[in-house]
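Asks: The structure's right below; bear with me while I get my questions together.
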Amino acid sequence: MTHPLFPISRPRRNRVDEATRRLVAENRLSVDDLIWPIFLVEGEDQNQPVASMPGVRRVSLDRLAEHVGPAAELGIPAIALFPATPAGKKDAEGTEARNPENLMCRAARQLARDFPNLALVGDVALDPYTDHGHDGVIRQGYVHNDESLEVLVAQAVNQAEAGIGIIAPSDMMDGRVGEIRKALDARGLINTRIMSYSAKYASAFYGPFRDAVGSGGALKGDKKTYQMNPANSDEAIREVAADLAEGADMVMVKPGMPYLDIIRRVKEEFRVPTFAYQVSGEYAMIEAAAANGWIDREKAMMESLMAFRRAGADGVLTYFAVDAARRLRAG
Ligand SMILES: NCc1[nH]cc(CCC(=O)O)c1CC(=O)O
Ligand SMILES: [Mg+2]
């Protein structure tokens with residue numbers, strides 16, 4: 001049985017050549033949609049490869065301008081900063097997070113000076129600074145919500161005062177967006193934006209990232225008492241609603257590709273700026289398959305990024321940002 005409209009209707013007509021395909025394309029990916037996560041390391045003249053993330057580097061501050069320059073020139077609007085902290089600067093309370101001279105703050109001041117048009121996204125969570133690798137402080141074996149808030153707020157204010165324009169809490173403590181907003185406003189930082197990792201799942205896809213920042217080996221247990229259960233979807237809607245009510249300006253879903261359904265639901269429900277994080281494990285999978293010759297790296301990269309746009313994401317944090325921007329600029 002053929003479709004009753006066939007052969008009058010032939011869906012393939014609109015796919016017949018490149019010009020027509022371009023005309024009828026429903027979604028577009030642009031350089032404006034990209035946020036590039038970068039890793040910072042202490043020391044001098046450091047540009048270290050991350051084994052599980054081919055092409056991704058950890059750089060010291062004296063090599064930072066050279067690292068970030070191409071992204072700025074390509075017009076990528078924002079970069080997200082992640083510090084690798086030496087073991088000697090970690091403790092149970094994440095004290096280094098409040099140090100105005102910590103690596104992240106020094107990087108922020110330098111970048112704000114060298115690249116004034118580049119938005120800086122600061123990850124707020126204690127895992128770079130805790131010797132147990134958790135995102136908050138531990139009391140009686142439990143990541144204590146309310147006591148963690150105090151440190152996270154101090155961390156957020158510290159970053160904002162160093163020039164981070166977009167504060168991105170990734171810790172998943174309850175109430176942190178509201179407390180951070182209040183503290184920023186109290187200091188007159190009314191235009192410091194909050195991009196909340198609202199629906200962040202306890203995921204196996206963060207493995208290579210924990211390698212990159214050196215928090216993986218340290219992590220005791222898992223993050224299931226604060227990050228979301230991958231089985232849940234309605235809960236993501238409640239999390240986003242709470243963060244928006246507390247003052248989040250933008251929300252994020254993380255990881256990305258395995259959670260496109262969540263992005264779609266969040267976008268449809270709230271119609272607010274919604275971002276996806278294509279996380280380290282997703283990047284590593286594409287790179288590994290490409291290195292084996294099993295998939296075409298560039299095509300898989302561009303297809304994965306378009307998938308986020310189609311799902312409803314306004315932008316994507318992706319380790320592919322620079323390569324994708326080059327590709328988009330080339331036309
Ligand atoms: N709060 C820390 C944080 N911020 C971003 C990522 C992961 C990013 C990635 O995998 O690319 C993580 C790891 C975690 O929650 O353990
Ligand atoms: Mg929450």
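Ligands are numbered from 1 in the order shown, chains are lettered A, B, ... in the order of the structure tokens, and residues start at 1 in each chain.
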Which chain A residues have any atom within 8 Å of an atom of ligand 1, and for each, what is the nearest pair of atoms with distance in Å to one decimal, counting only C-alpha atoms and all ligand atoms, rows sorted by chain and number, as a tab-separated table?

Replies:
```
residue	atom	partner	partner_atom_place_in_ligand_line	distance
A:Phe82	CA	ligand 1	4 (N)	7.8
A:Asp123	CA	ligand 1	4 (N)	6.4
A:Val124	CA	ligand 1	1 (N)	7.1
A:Ala125	CA	ligand 1	1 (N)	5.0
A:Leu126	CA	ligand 1	1 (N)	7.0
A:Asp127	CA	ligand 1	2 (C)	5.9
A:Pro128	CA	ligand 1	2 (C)	7.4
A:His134	CA	ligand 1	16 (O)	7.7
A:Asp135	CA	ligand 1	1 (N)	5.8
A:Pro169	CA	ligand 1	1 (N)	7.9
A:Ser170	CA	ligand 1	1 (N)	4.8
A:Asp171	CA	ligand 1	1 (N)	5.2
A:Lys200	CA	ligand 1	15 (O)	7.9
A:Ala202	CA	ligand 1	15 (O)	7.4
A:Phe205	CA	ligand 1	10 (O)	6.0
A:Tyr206	CA	ligand 1	10 (O)	3.4
A:Gly207	CA	ligand 1	10 (O)	6.3
A:Pro208	CA	ligand 1	10 (O)	6.4
A:Phe209	CA	ligand 1	10 (O)	4.4
A:Arg210	CA	ligand 1	13 (C)	6.2
A:Ser215	CA	ligand 1	16 (O)	7.9
A:Gly216	CA	ligand 1	16 (O)	7.9
A:Lys223	CA	ligand 1	16 (O)	7.4
A:Gln227	CA	ligand 1	15 (O)	7.8
A:Pro255	CA	ligand 1	10 (O)	7.6
A:Tyr277	CA	ligand 1	11 (O)	7.3
A:Gln278	CA	ligand 1	11 (O)	6.8
A:Val279	CA	ligand 1	11 (O)	3.5
A:Ser280	CA	ligand 1	11 (O)	3.6
A:Gly281	CA	ligand 1	10 (O)	6.1
A:Tyr319	CA	ligand 1	11 (O)	7.9
```

Asks: Take the residues just selected and output them with C-alpha atoms as a CSV table (one decimal), in the first residue's frame.

Replies:
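Full text of result_6.csv as output:
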```
chain,number,residue,atom,x,y,z
A,82,PHE,CA,38.2,24.5,35.0
A,123,ASP,CA,32.2,26.5,37.5
A,124,VAL,CA,31.1,26.6,41.1
A,125,ALA,CA,31.5,23.3,42.9
A,126,LEU,CA,34.1,22.2,45.4
A,127,ASP,CA,35.4,19.1,43.6
A,128,PRO,CA,38.6,20.8,42.2
A,134,HIS,CA,33.0,15.7,46.3
A,135,ASP,CA,31.3,19.0,45.2
A,169,PRO,CA,27.0,26.3,39.8
A,170,SER,CA,27.5,22.6,39.0
A,171,ASP,CA,27.3,21.3,42.5
A,200,LYS,CA,22.9,17.4,36.2
A,202,ALA,CA,25.1,11.2,38.2
A,205,PHE,CA,30.3,10.1,31.1
A,206,TYR,CA,32.3,12.5,33.3
A,207,GLY,CA,35.2,10.0,33.6
A,208,PRO,CA,37.7,11.8,31.3
A,209,PHE,CA,37.0,15.2,32.9
A,210,ARG,CA,37.9,13.8,36.3
A,215,SER,CA,39.6,14.7,40.8
A,216,GLY,CA,38.9,11.2,39.6
A,223,LYS,CA,27.7,11.6,43.6
A,227,GLN,CA,23.4,14.5,41.2
A,255,PRO,CA,25.3,15.3,30.1
A,277,TYR,CA,27.0,20.2,28.1
A,278,GLN,CA,28.4,17.7,25.7
A,279,VAL,CA,30.6,16.2,28.4
A,280,SER,CA,34.1,14.6,28.4
A,281,GLY,CA,32.9,11.1,27.9
A,319,TYR,CA,35.3,20.5,23.7
```

Asks: Residues within 10 Å of ligand 2 (only C-alpha atoms and all ligand atoms), as a list in words?

Replies: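 Final answer, ordered by chain and number: Pro169, Ser170, Asp171, Met172, Met173, Asp174, Gly175, Arg176, Val177, Ser196, Tyr197, Ser198, Ala199, Lys200, Tyr226, Gln227, Met228, Glu235, Ala236, Arg238, Glu239, Val240, Ala241, Ala242, Asp243, Leu244 and Glu246 of chain A.
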
Asks: Just give me the gap between CA of Ala97 (chain A) and CA of Asp62 (chain A) in Å, one decimal is fine.

Replies: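 Interatomic distance, CA of Ala97 (chain A) to CA of Asp62 (chain A): 21.4 Å.
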
Asks: Applying 12 Å and only C-alpha atoms, which residues near Lys182 (chain A) remain after dropping the ones on its own chain fewer than 4 positions away? List them as a list in words.

Replies: Val153, Ala154, Ala156, Val157, Gly175, Arg176, Val177, Gly178, Ala186, Arg187, Gly188, Leu189, Ile190, Thr192, Ile194, Glu246, Gly247 and Ala248 of chain A

Asks: Residues as selected, N, CA and C atoms, written as a PDB file, in the first residue's frame, can you do that?

Replies:
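Output file result38.pdb is given in full below:
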```
ATOM      1  N   VAL A 153      28.865  29.722  48.048  1.00  0.00           N
ATOM      2  CA  VAL A 153      28.572  31.151  47.889  1.00  0.00           C
ATOM      3  C   VAL A 153      29.880  31.942  47.916  1.00  0.00           C
ATOM      4  N   ALA A 154      30.757  31.596  48.845  1.00  0.00           N
ATOM      5  CA  ALA A 154      32.056  32.278  48.926  1.00  0.00           C
ATOM      6  C   ALA A 154      32.846  32.054  47.632  1.00  0.00           C
ATOM      7  N   ALA A 156      31.615  31.470  44.638  1.00  0.00           N
ATOM      8  CA  ALA A 156      30.959  32.213  43.550  1.00  0.00           C
ATOM      9  C   ALA A 156      31.326  33.697  43.618  1.00  0.00           C
ATOM     10  N   VAL A 157      31.271  34.264  44.809  1.00  0.00           N
ATOM     11  CA  VAL A 157      31.599  35.685  44.981  1.00  0.00           C
ATOM     12  C   VAL A 157      33.070  35.923  44.626  1.00  0.00           C
ATOM     13  N   GLY A 175      19.102  24.970  46.768  1.00  0.00           N
ATOM     14  CA  GLY A 175      19.090  26.345  47.269  1.00  0.00           C
ATOM     15  C   GLY A 175      20.295  27.188  46.906  1.00  0.00           C
ATOM     16  N   ARG A 176      21.243  26.617  46.150  1.00  0.00           N
ATOM     17  CA  ARG A 176      22.480  27.384  45.938  1.00  0.00           C
ATOM     18  C   ARG A 176      22.276  28.564  45.013  1.00  0.00           C
ATOM     19  N   VAL A 177      21.401  28.442  44.037  1.00  0.00           N
ATOM     20  CA  VAL A 177      21.216  29.564  43.110  1.00  0.00           C
ATOM     21  C   VAL A 177      20.708  30.803  43.862  1.00  0.00           C
ATOM     22  N   GLY A 178      19.728  30.595  44.719  1.00  0.00           N
ATOM     23  CA  GLY A 178      19.169  31.713  45.478  1.00  0.00           C
ATOM     24  C   GLY A 178      20.188  32.359  46.402  1.00  0.00           C
ATOM     25  N   ALA A 186      24.161  41.606  46.999  1.00  0.00           N
ATOM     26  CA  ALA A 186      24.595  42.353  48.178  1.00  0.00           C
ATOM     27  C   ALA A 186      25.900  43.093  47.908  1.00  0.00           C
ATOM     28  N   ARG A 187      26.682  42.595  46.940  1.00  0.00           N
ATOM     29  CA  ARG A 187      27.943  43.258  46.587  1.00  0.00           C
ATOM     30  C   ARG A 187      27.802  44.147  45.364  1.00  0.00           C
ATOM     31  N   GLY A 188      26.580  44.351  44.937  1.00  0.00           N
ATOM     32  CA  GLY A 188      26.352  45.211  43.780  1.00  0.00           C
ATOM     33  C   GLY A 188      26.606  44.529  42.442  1.00  0.00           C
ATOM     34  N   LEU A 189      26.832  43.229  42.483  1.00  0.00           N
ATOM     35  CA  LEU A 189      27.129  42.510  41.233  1.00  0.00           C
ATOM     36  C   LEU A 189      25.818  42.058  40.577  1.00  0.00           C
ATOM     37  N   ILE A 190      24.972  43.047  40.295  1.00  0.00           N
ATOM     38  CA  ILE A 190      23.617  42.699  39.853  1.00  0.00           C
ATOM     39  C   ILE A 190      23.577  42.135  38.441  1.00  0.00           C
ATOM     40  N   THR A 192      26.014  40.127  37.161  1.00  0.00           N
ATOM     41  CA  THR A 192      26.692  38.838  37.049  1.00  0.00           C
ATOM     42  C   THR A 192      25.615  37.792  36.812  1.00  0.00           C
ATOM     43  N   ILE A 194      23.839  34.040  36.193  1.00  0.00           N
ATOM     44  CA  ILE A 194      23.932  32.674  36.729  1.00  0.00           C
ATOM     45  C   ILE A 194      23.431  31.696  35.683  1.00  0.00           C
ATOM     46  N   GLU A 246      14.746  30.881  41.851  1.00  0.00           N
ATOM     47  CA  GLU A 246      15.813  31.428  42.693  1.00  0.00           C
ATOM     48  C   GLU A 246      16.679  32.444  41.963  1.00  0.00           C
ATOM     49  N   GLY A 247      16.417  32.648  40.671  1.00  0.00           N
ATOM     50  CA  GLY A 247      17.160  33.699  39.970  1.00  0.00           C
ATOM     51  C   GLY A 247      18.122  33.245  38.886  1.00  0.00           C
ATOM     52  N   ALA A 248      18.056  31.983  38.474  1.00  0.00           N
ATOM     53  CA  ALA A 248      18.936  31.553  37.375  1.00  0.00           C
ATOM     54  C   ALA A 248      18.541  32.288  36.092  1.00  0.00           C
TER      55      ALA A 248
END
```

Asks: List as a list in words the protein and nucleic acid residues near Asp323 (chain A), meaning an atom at most 12 Å away when only C-alpha atoms are counted, but skip any in the same chain fewer than 3 places from it.

Replies: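 Answer for this query is Val31, Leu34, Ile35, Trp36, Gly55, Val56, Pro70, Ala71, Leu74, Ile76, Arg297, Glu298, Lys299, Met301, Met302, Leu305, Thr318, Tyr319, Phe320, Arg326, Arg327, Leu328, Arg329 and Ala330 of chain A.
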